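Chemist: Take this structure first; my questions come after.
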Amino acid sequence: MTKLYLAGPLFTIAEQSFNAALARFLESEGFEVWLPQEHESRNNNAKAIFDMDVEALDRADMVVACMDGPDPDSGTAWECGYAYAKGKPIVCYRTDFRISGDTKGAPYNLMLSESATSRFEVPFRTKPPEFHQRVLEHIRKALA
């Protein structure tokens, strides 16, 4: 069973709900998913949370990362960099239609877009089932 580390911001109820829905979809497709928000108690100190996430990244076969926002989440960026250094495939997606890239052809920070094994952006008003299928398509592409 392919182990996925689902990286992305988890600071709002909307982000947490989106992440959880994506995780449940990927699990229904046969993947084992590590979703940090479901494993970390906010009672833990920063070092415990960090160590738990690094261990999960080490166990993961690949990272699936959200690049939404004016600038992708700094923790997500770190997780992508760590995965890249470990030679793990990375799928980056962006559902945010705002332009935030600093280089022509890069919809967000070029260090993230260029380190991705596969990446995609979805147009405004994309429905969740279509988005889920795109994620699945890019995971399979990255694993090939």
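In the structure tokens, chains take letters A, B, ... by order of appearance, with residues numbered from 1 within each chain and ligands from 1 in the order shown.
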Determine, counting only C-alpha atoms, which protein, DNA and RNA residues have an atom within 10 Å of an atom of Leu143 (chain A); residues of the same chain fewer than 6 positions away are not included. Present the result as a list in words.
Modeler: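 In the requested form, the answer reads Thr2, Asp61, Met62, Lys88, Pro89, Ile90, Val91, Thr117 and Ser118 of chain A.
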Chemist: What are the nearest atom pairs, with distances in Å to one decimal, for all residues of region 53-101 of chain A that come at most 8 Å from region 4-7 of chain A, using only C-alpha atoms, set out by chain and rising residue number as a Markdown table?
Modeler:
```
| residue | atom | partner | partner_atom | distance |
| --- | --- | --- | --- | --- |
| A:Ala56 | CA | A:Tyr5 | CA | 7.1 |
| A:Leu57 | CA | A:Tyr5 | CA | 6.3 |
| A:Ala60 | CA | A:Leu4 | CA | 5.4 |
| A:Asp61 | CA | A:Leu4 | CA | 6.0 |
| A:Met62 | CA | A:Leu4 | CA | 5.3 |
| A:Val63 | CA | A:Tyr5 | CA | 4.7 |
| A:Val64 | CA | A:Leu6 | CA | 5.0 |
| A:Ala65 | CA | A:Ala7 | CA | 4.5 |
| A:Cys66 | CA | A:Ala7 | CA | 6.3 |
| A:Thr76 | CA | A:Ala7 | CA | 5.5 |
| A:Glu79 | CA | A:Ala7 | CA | 7.1 |
```
Chemist: Quick one: residues within 12 Å of Phe131 (chain A), only C-alpha atoms, excluding same-chain residues fewer than 6 positions away - as a ChimeraX atom specification?
Modeler: /A:18,21-22,25-26,93-95,120-125,137-138
Chemist: Find, counting only C-alpha atoms, the residue in A:Val33, A:Thr12, A:Ser28, A:Arg119 that gets nearest to Ala106 (chain A).
Modeler: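 Going through A:Val33, A:Thr12, A:Ser28, A:Arg119 one by one, the smallest distance to Ala106 (chain A) is for A:Arg119.
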Chemist: May I have all residues of chain A that DSSP, computed from the backbone, assigns to strand (DSSP E or B), given as a PyMOL selection string?
Modeler: chain A and resi 3-7+32-34+62-66+90-94+103+106+118-121
